[in-house]
Amino acid sequence: MALVIGVMLQTPLQAASLMDIYHEALEQDAKYGSERAAYIAAQEKLPQGRAGLLPNINFTGTGQNQYIDTNLGPERVIKNRGMVIAATQPLIRFENFIIYEQSKNQVIQADARFVLAAQDLILRVAQAYFDVLIAQNNLEVMGAQKKAISEQLEQAKRNFEVGVATIVDTHEAQARYDLTVSQEILAKNTLEVNKRSLQGIINRFPDSLSSTSIDKIVSDSLTLPYDDMEEWVALAEQKNFSLKVQQIAYDLAEQEIKKAKAGHYPTLDLVAQYSNQQGVGGAITGRGIDLESKSVGLQLNVPIFQGLSVQSRVREALANRDKARQDLENVRRTIGLQVRQQYLNVTNGIALIKAQKQALTTSKSQLDSTVLGQEVGVRTEVDVLNAQQQFFSARRDLAQAYYTYLMSRLRLKAEAGELDEDVLKEINALL
């Protein structure tokens, strides 16, 4: 009897790889596009902060007609025309210096956030991609299992007809077949849902994706560059971008305290003004005169009392600084926890893949021996069905363990601040 033990769908020539999907997501993903626009907008913080150190020049022009009636003669018209050009160059404004330094930090923070957005895109693409592959593998296993059970069902029916088997064997095979059909329907639905999730990222329905053959998984090649968990934690504390974002938030809070205190400090500006007025004083004298004036000087402003608002802003900034410190510590602890979790997921994933490969080999041998035992009459139809179920489950579990391992590896790299397109290329090569 020819027994089908595995039917894997052939990969179309145009099947999209993980890198193909990622490149599409760079252009099509709306969330990443939003983060990219926010990054571009944040770059303008630097020229805005620098503006407080540069001259401020204003031009004012006026033009009006005054109609004067003195009851002594005809109505007189005085034409008032004027222009004023004023320039102010800040010399000593501590608040403006702090704002400029804050703008530098805001740009650095935006850079880190954009890197986080890029890493998040990689993780979302990979997760959606692997979800489709897992669902696709489940469907393939269900199809192979259904075909194998169908053959067993037909054989059971023939054996019953010739009187070498009981009706119980036929009913058992029929029940297994019906159950597999229902599971195949669920697998098809799961595959459709997962493909729709990927569609939300790349804005098209993914017809076919390239995947690996579980028979080609080499567990000995699954290694990590650092063997010790605490090495990964130390690396994350240096390079994790979420931690960098929060560290800069703390630095900004510190600068906000200095900016609030600067409300007590005097300011000194260099002020220059040019004025040209025509028709000045016509409403009083009846005849306007032309005036031209130029002035250059220093303007000192000393704040004396501002309703205690400066003290209030300082207290507010101090409280916000304390909050930022606690947020920073919380992020540091969270990242340490996540690094340890992902490290365990990766190392345990390697061990699980090795165990699943051994289980697949064992279940294949068991299936072969059970089929042979049935042919010589020492095994029953139910024994073969159970062996088939165990074999197909082993294939499914190995594929799922492999894709889960690859995802955990990407997440560990992200927590360590090392996830980029090159890392994704390495994962793509493993597929």
# chains A, B, ... in the order shown; residues from 1 in each chain; ligands from 1
$ select_by_dssp --residues "region 45-122 of chain A" --states "strand (DSSP E or B)" --output "mmCIF file with N, CA and C atoms, in the first residue's frame"
data_model
loop_
_atom_site.group_PDB
_atom_site.id
_atom_site.type_symbol
_atom_site.label_atom_id
_atom_site.label_comp_id
_atom_site.auth_asym_id
_atom_site.auth_seq_id
_atom_site.Cartn_x
_atom_site.Cartn_y
_atom_site.Cartn_z
ATOM 1 N N ASN A 56 16.070 89.548 15.148
ATOM 2 C CA ASN A 56 14.652 89.628 14.823
ATOM 3 C C ASN A 56 14.410 90.977 14.161
ATOM 4 N N ILE A 57 14.040 90.975 12.900
ATOM 5 C CA ILE A 57 13.887 92.212 12.128
ATOM 6 C C ILE A 57 12.437 92.334 11.690
ATOM 7 N N ASN A 58 11.860 93.528 11.935
ATOM 8 C CA ASN A 58 10.456 93.781 11.581
ATOM 9 C C ASN A 58 10.358 95.069 10.771
ATOM 10 N N PHE A 59 9.446 95.051 9.843
ATOM 11 C CA PHE A 59 9.151 96.235 9.043
ATOM 12 C C PHE A 59 7.693 96.600 9.238
ATOM 13 N N THR A 60 7.443 97.872 9.513
ATOM 14 C CA THR A 60 6.066 98.340 9.687
ATOM 15 C C THR A 60 5.845 99.540 8.775
ATOM 16 N N GLY A 61 4.815 99.498 7.969
ATOM 17 C CA GLY A 61 4.470 100.606 7.088
ATOM 18 C C GLY A 61 3.061 101.108 7.375
ATOM 19 N N THR A 62 2.866 102.407 7.370
ATOM 20 C CA THR A 62 1.545 102.995 7.622
ATOM 21 C C THR A 62 1.220 104.001 6.537
ATOM 22 N N GLY A 63 -0.046 104.176 6.286
ATOM 23 C CA GLY A 63 -0.515 105.175 5.323
ATOM 24 C C GLY A 63 -1.946 105.551 5.617
ATOM 25 N N GLN A 64 -2.194 106.791 5.892
ATOM 26 C CA GLN A 64 -3.557 107.241 6.177
ATOM 27 C C GLN A 64 -3.694 108.713 5.816
ATOM 28 N N ASN A 65 -4.922 109.144 5.608
ATOM 29 C CA ASN A 65 -5.240 110.548 5.339
ATOM 30 C C ASN A 65 -6.021 111.113 6.512
ATOM 31 N N GLN A 66 -5.606 112.304 6.991
ATOM 32 C CA GLN A 66 -6.329 113.000 8.049
ATOM 33 C C GLN A 66 -7.063 114.196 7.433
ATOM 34 N N TYR A 67 -8.343 114.281 7.727
ATOM 35 C CA TYR A 67 -9.163 115.389 7.217
ATOM 36 C C TYR A 67 -9.459 116.329 8.379
ATOM 37 N N ILE A 68 -8.967 117.578 8.273
ATOM 38 C CA ILE A 68 -9.037 118.531 9.385
ATOM 39 C C ILE A 68 -9.945 119.695 8.993
ATOM 40 N N ARG A 76 -8.827 120.675 5.384
ATOM 41 C CA ARG A 76 -7.451 120.374 5.014
ATOM 42 C C ARG A 76 -7.222 118.850 5.097
ATOM 43 N N VAL A 77 -6.397 118.369 4.218
ATOM 44 C CA VAL A 77 -6.054 116.948 4.183
ATOM 45 C C VAL A 77 -4.568 116.803 4.489
ATOM 46 N N ILE A 78 -4.288 116.048 5.552
ATOM 47 C CA ILE A 78 -2.902 115.772 5.924
ATOM 48 C C ILE A 78 -2.619 114.307 5.597
ATOM 49 N N LYS A 79 -1.675 114.059 4.776
ATOM 50 C CA LYS A 79 -1.315 112.693 4.405
ATOM 51 C C LYS A 79 -0.211 112.179 5.335
ATOM 52 N N ASN A 80 -0.566 111.174 6.102
ATOM 53 C CA ASN A 80 0.412 110.546 6.995
ATOM 54 C C ASN A 80 0.975 109.294 6.312
ATOM 55 N N ARG A 81 2.250 109.256 6.162
ATOM 56 C CA ARG A 81 2.945 108.110 5.592
ATOM 57 C C ARG A 81 4.149 107.795 6.487
ATOM 58 N N GLY A 82 4.395 106.532 6.641
ATOM 59 C CA GLY A 82 5.519 106.223 7.510
ATOM 60 C C GLY A 82 6.004 104.801 7.352
ATOM 61 N N MET A 83 7.237 104.586 7.754
ATOM 62 C CA MET A 83 7.823 103.249 7.772
ATOM 63 C C MET A 83 8.807 103.149 8.938
ATOM 64 N N VAL A 84 8.803 102.001 9.559
ATOM 65 C CA VAL A 84 9.703 101.755 10.686
ATOM 66 C C VAL A 84 10.355 100.386 10.482
ATOM 67 N N ILE A 85 11.657 100.364 10.553
ATOM 68 C CA ILE A 85 12.412 99.116 10.512
ATOM 69 C C ILE A 85 13.106 98.946 11.857
ATOM 70 N N ALA A 86 12.776 97.876 12.562
ATOM 71 C CA ALA A 86 13.345 97.637 13.891
ATOM 72 C C ALA A 86 14.062 96.286 13.898
ATOM 73 N N ALA A 87 15.238 96.260 14.461
ATOM 74 C CA ALA A 87 16.028 95.026 14.555
ATOM 75 C C ALA A 87 16.459 94.811 15.996
ATOM 76 N N THR A 88 16.311 93.580 16.460
ATOM 77 C CA THR A 88 16.696 93.225 17.827
ATOM 78 C C THR A 88 17.609 92.011 17.785
ATOM 79 N N GLN A 89 18.784 92.170 18.366
ATOM 80 C CA GLN A 89 19.723 91.051 18.466
ATOM 81 C C GLN A 89 19.886 90.669 19.937
ATOM 82 N N PRO A 90 19.359 89.478 20.318
ATOM 83 C CA PRO A 90 19.534 89.064 21.719
ATOM 84 C C PRO A 90 21.022 88.888 22.045
ATOM 85 N N LEU A 91 21.440 89.476 23.150
ATOM 86 C CA LEU A 91 22.811 89.334 23.612
ATOM 87 C C LEU A 91 22.890 88.377 24.801
ATOM 88 N N ILE A 92 22.057 88.614 25.780
ATOM 89 C CA ILE A 92 22.020 87.751 26.960
ATOM 90 C C ILE A 92 20.576 87.358 27.212
#
$ select_by_dssp --residues "region 177-404 of chain A" --states "alpha helix (DSSP H)" --output "PyMOL selection string"
chain A and resi 177-202+229-239+241-261+282-285+309-376+381-404
$ residues_around --residues "region 394-408 of chain A" --least-positions-apart "6" --cutoff "8 Å" --atoms "only C-alpha atoms" --output "MDAnalysis selection string"
chainID A and resid 123 126:127 130 134 137:138 141 214 342:343 345:346 349:350 352:353 356:357 359:360 363 427
$ closest_residue --among "A:Gln174, A:Asn330, A:Asn240, A:Ser295" --to "Ser150 (chain A)" --atoms "only C-alpha atoms"
A:Gln174
$ closest_residue --among "A:Tyr129, A:Phe391, A:Tyr100, A:Phe114" --to "Ser210 (chain A)" --atoms "only C-alpha atoms"
A:Tyr129
$ residues_around --residues "Leu431 (chain A)" --least-positions-apart "6" --cutoff "9 Å" --atoms "only C-alpha atoms" --output "list in words"
Ser17, Leu18, Ser210, Ser211, Thr212 and Ser213 of chain A
$ residues_around --residues "region 219-234 of chain A" --least-positions-apart "5" --cutoff "9 Å" --atoms "only C-alpha atoms" --output "list of chain:residue names"
A:Lys239, A:Ile335, A:Gly336, A:Leu337, A:Val339, A:Arg340, A:Tyr343, A:Leu344, A:Val346, A:Thr347, A:Ile350, A:Ala351, A:Ile353, A:Lys354, A:Lys357, A:Arg409, A:Leu412, A:Glu415, A:Ala416
$ closest_residue --among "A:Ser369, A:Ser275, A:Gln43, A:Asn320" --to "Gln109 (chain A)" --atoms "only C-alpha atoms"
A:Gln43
$ atom_distance --atom1 "CA of Asp120 (chain A)" --atom2 "CA of Lys195 (chain A)"
18.9 Å
$ atom_distance --atom1 "CA of Leu46 (chain A)" --atom2 "CA of Gln106 (chain A)"
8.0 Å
$ closest_residue --among "A:Asn301, A:Gln255, A:Asn428, A:Thr180" --to "Glu101 (chain A)" --atoms "only C-alpha atoms"
A:Gln255
$ residues_around --residues "Val382 (chain A)" --least-positions-apart "4" --cutoff "8 Å" --atoms "only C-alpha atoms" --output "PyMOL selection string"
chain A and resi 169+172-173+386
$ write_last_selection --atoms "all heavy atoms" --output "PDB file, in the first residue's frame"
ATOM      1  N   ASP A 169     -12.984  -0.692  12.377  1.00  0.00           N
ATOM      2  CA  ASP A 169     -11.854  -0.056  11.702  1.00  0.00           C
ATOM      3  C   ASP A 169     -12.335   0.985  10.692  1.00  0.00           C
ATOM      4  O   ASP A 169     -11.761   2.079  10.560  1.00  0.00           O
ATOM      5  CB  ASP A 169     -11.006  -1.106  10.993  1.00  0.00           C
ATOM      6  CG  ASP A 169     -10.280  -2.010  11.980  1.00  0.00           C
ATOM      7  OD1 ASP A 169     -10.035  -1.552  13.116  1.00  0.00           O
ATOM      8  OD2 ASP A 169      -9.964  -3.153  11.619  1.00  0.00           O
ATOM      9  N   GLU A 172     -13.641   4.012  12.572  1.00  0.00           N
ATOM     10  CA  GLU A 172     -12.523   4.774  13.145  1.00  0.00           C
ATOM     11  C   GLU A 172     -11.858   5.628  12.075  1.00  0.00           C
ATOM     12  O   GLU A 172     -11.567   6.809  12.288  1.00  0.00           O
ATOM     13  CB  GLU A 172     -11.506   3.815  13.755  1.00  0.00           C
ATOM     14  CG  GLU A 172     -10.279   4.485  14.353  1.00  0.00           C
ATOM     15  CD  GLU A 172     -10.570   5.288  15.599  1.00  0.00           C
ATOM     16  OE1 GLU A 172     -11.556   4.967  16.300  1.00  0.00           O
ATOM     17  OE2 GLU A 172      -9.814   6.243  15.885  1.00  0.00           O
ATOM     18  N   ALA A 173     -11.604   5.049  10.908  1.00  0.00           N
ATOM     19  CA  ALA A 173     -10.985   5.794   9.815  1.00  0.00           C
ATOM     20  C   ALA A 173     -11.893   6.909   9.320  1.00  0.00           C
ATOM     21  O   ALA A 173     -11.432   8.027   9.012  1.00  0.00           O
ATOM     22  CB  ALA A 173     -10.635   4.845   8.662  1.00  0.00           C
ATOM     23  N   ASN A 386      -3.107   6.459  14.400  1.00  0.00           N
ATOM     24  CA  ASN A 386      -2.448   7.156  15.502  1.00  0.00           C
ATOM     25  C   ASN A 386      -1.000   7.520  15.146  1.00  0.00           C
ATOM     26  O   ASN A 386      -0.524   8.617  15.478  1.00  0.00           O
ATOM     27  CB  ASN A 386      -2.470   6.289  16.767  1.00  0.00           C
ATOM     28  CG  ASN A 386      -3.856   6.183  17.369  1.00  0.00           C
ATOM     29  OD1 ASN A 386      -4.704   7.051  17.169  1.00  0.00           O
ATOM     30  ND2 ASN A 386      -4.107   5.104  18.106  1.00  0.00           N
TER      31      ASN A 386
END
$ closest_residue --among "A:Asp290, A:Glu316, A:Asp251, A:Glu237" --to "Gly417 (chain A)" --atoms "only C-alpha atoms"
A:Glu237
$ closest_residue --among "A:Gln389, A:Asn276, A:Gln119, A:Thr190" --to "Leu133 (chain A)" --atoms "only C-alpha atoms"
A:Thr190
$ atom_distance --atom1 "CA of Val115 (chain A)" --atom2 "CA of Lys244 (chain A)"
10.8 Å
$ residues_around --residues "Asp420 (chain A)" --least-positions-apart "6" --cutoff "10 Å" --atoms "only C-alpha atoms" --output "PyMOL selection string"
chain A and resi 115+118-119+122+410+413-414
$ decode --residues "region 89-104 of chain A" --atoms "N, CA, C and O atoms" --output "PDB file, in the first residue's frame"
ATOM      1  N   GLN A  89      18.784  92.170  18.366  1.00  0.00           N
ATOM      2  CA  GLN A  89      19.723  91.051  18.466  1.00  0.00           C
ATOM      3  C   GLN A  89      19.886  90.669  19.937  1.00  0.00           C
ATOM      4  O   GLN A  89      20.446  91.431  20.722  1.00  0.00           O
ATOM      5  N   PRO A  90      19.359  89.478  20.318  1.00  0.00           N
ATOM      6  CA  PRO A  90      19.534  89.064  21.719  1.00  0.00           C
ATOM      7  C   PRO A  90      21.022  88.888  22.045  1.00  0.00           C
ATOM      8  O   PRO A  90      21.756  88.251  21.300  1.00  0.00           O
ATOM      9  N   LEU A  91      21.440  89.476  23.150  1.00  0.00           N
ATOM     10  CA  LEU A  91      22.811  89.334  23.612  1.00  0.00           C
ATOM     11  C   LEU A  91      22.890  88.377  24.801  1.00  0.00           C
ATOM     12  O   LEU A  91      23.699  87.456  24.805  1.00  0.00           O
ATOM     13  N   ILE A  92      22.057  88.614  25.780  1.00  0.00           N
ATOM     14  CA  ILE A  92      22.020  87.751  26.960  1.00  0.00           C
ATOM     15  C   ILE A  92      20.576  87.358  27.212  1.00  0.00           C
ATOM     16  O   ILE A  92      19.774  88.154  27.718  1.00  0.00           O
ATOM     17  N   ARG A  93      20.236  86.161  26.813  1.00  0.00           N
ATOM     18  CA  ARG A  93      18.911  85.585  27.084  1.00  0.00           C
ATOM     19  C   ARG A  93      19.140  84.111  27.436  1.00  0.00           C
ATOM     20  O   ARG A  93      19.203  83.256  26.557  1.00  0.00           O
ATOM     21  N   PHE A  94      19.279  83.836  28.706  1.00  0.00           N
ATOM     22  CA  PHE A  94      19.591  82.484  29.143  1.00  0.00           C
ATOM     23  C   PHE A  94      18.523  81.483  28.699  1.00  0.00           C
ATOM     24  O   PHE A  94      18.832  80.342  28.353  1.00  0.00           O
ATOM     25  N   GLU A  95      17.289  81.901  28.702  1.00  0.00           N
ATOM     26  CA  GLU A  95      16.206  81.002  28.305  1.00  0.00           C
ATOM     27  C   GLU A  95      16.365  80.563  26.855  1.00  0.00           C
ATOM     28  O   GLU A  95      16.152  79.396  26.520  1.00  0.00           O
ATOM     29  N   ASN A  96      16.782  81.485  25.974  1.00  0.00           N
ATOM     30  CA  ASN A  96      16.945  81.144  24.566  1.00  0.00           C
ATOM     31  C   ASN A  96      18.095  80.167  24.348  1.00  0.00           C
ATOM     32  O   ASN A  96      18.029  79.280  23.490  1.00  0.00           O
ATOM     33  N   PHE A  97      19.163  80.330  25.126  1.00  0.00           N
ATOM     34  CA  PHE A  97      20.278  79.381  25.020  1.00  0.00           C
ATOM     35  C   PHE A  97      19.820  77.976  25.416  1.00  0.00           C
ATOM     36  O   PHE A  97      20.191  76.978  24.781  1.00  0.00           O
ATOM     37  N   ILE A  98      19.028  77.888  26.463  1.00  0.00           N
ATOM     38  CA  ILE A  98      18.541  76.581  26.931  1.00  0.00           C
ATOM     39  C   ILE A  98      17.593  75.969  25.897  1.00  0.00           C
ATOM     40  O   ILE A  98      17.635  74.762  25.625  1.00  0.00           O
ATOM     41  N   ILE A  99      16.734  76.796  25.318  1.00  0.00           N
ATOM     42  CA  ILE A  99      15.809  76.306  24.290  1.00  0.00           C
ATOM     43  C   ILE A  99      16.584  75.733  23.099  1.00  0.00           C
ATOM     44  O   ILE A  99      16.203  74.693  22.528  1.00  0.00           O
ATOM     45  N   TYR A 100      17.690  76.386  22.748  1.00  0.00           N
ATOM     46  CA  TYR A 100      18.501  75.900  21.640  1.00  0.00           C
ATOM     47  C   TYR A 100      19.117  74.544  21.974  1.00  0.00           C
ATOM     48  O   TYR A 100      19.124  73.617  21.141  1.00  0.00           O
ATOM     49  N   GLU A 101      19.618  74.390  23.193  1.00  0.00           N
ATOM     50  CA  GLU A 101      20.176  73.099  23.610  1.00  0.00           C
ATOM     51  C   GLU A 101      19.096  72.025  23.661  1.00  0.00           C
ATOM     52  O   GLU A 101      19.334  70.872  23.304  1.00  0.00           O
ATOM     53  N   GLN A 102      17.900  72.416  24.092  1.00  0.00           N
ATOM     54  CA  GLN A 102      16.789  71.460  24.100  1.00  0.00           C
ATOM     55  C   GLN A 102      16.438  71.011  22.687  1.00  0.00           C
ATOM     56  O   GLN A 102      16.111  69.838  22.464  1.00  0.00           O
ATOM     57  N   SER A 103      16.499  71.929  21.729  1.00  0.00           N
ATOM     58  CA  SER A 103      16.156  71.559  20.351  1.00  0.00           C
ATOM     59  C   SER A 103      17.120  70.514  19.808  1.00  0.00           C
ATOM     60  O   SER A 103      16.732  69.628  19.048  1.00  0.00           O
ATOM     61  N   LYS A 104      18.389  70.590  20.215  1.00  0.00           N
ATOM     62  CA  LYS A 104      19.351  69.566  19.791  1.00  0.00           C
ATOM     63  C   LYS A 104      18.939  68.196  20.342  1.00  0.00           C
ATOM     64  O   LYS A 104      18.959  67.188  19.623  1.00  0.00           O
TER      65      LYS A 104
END
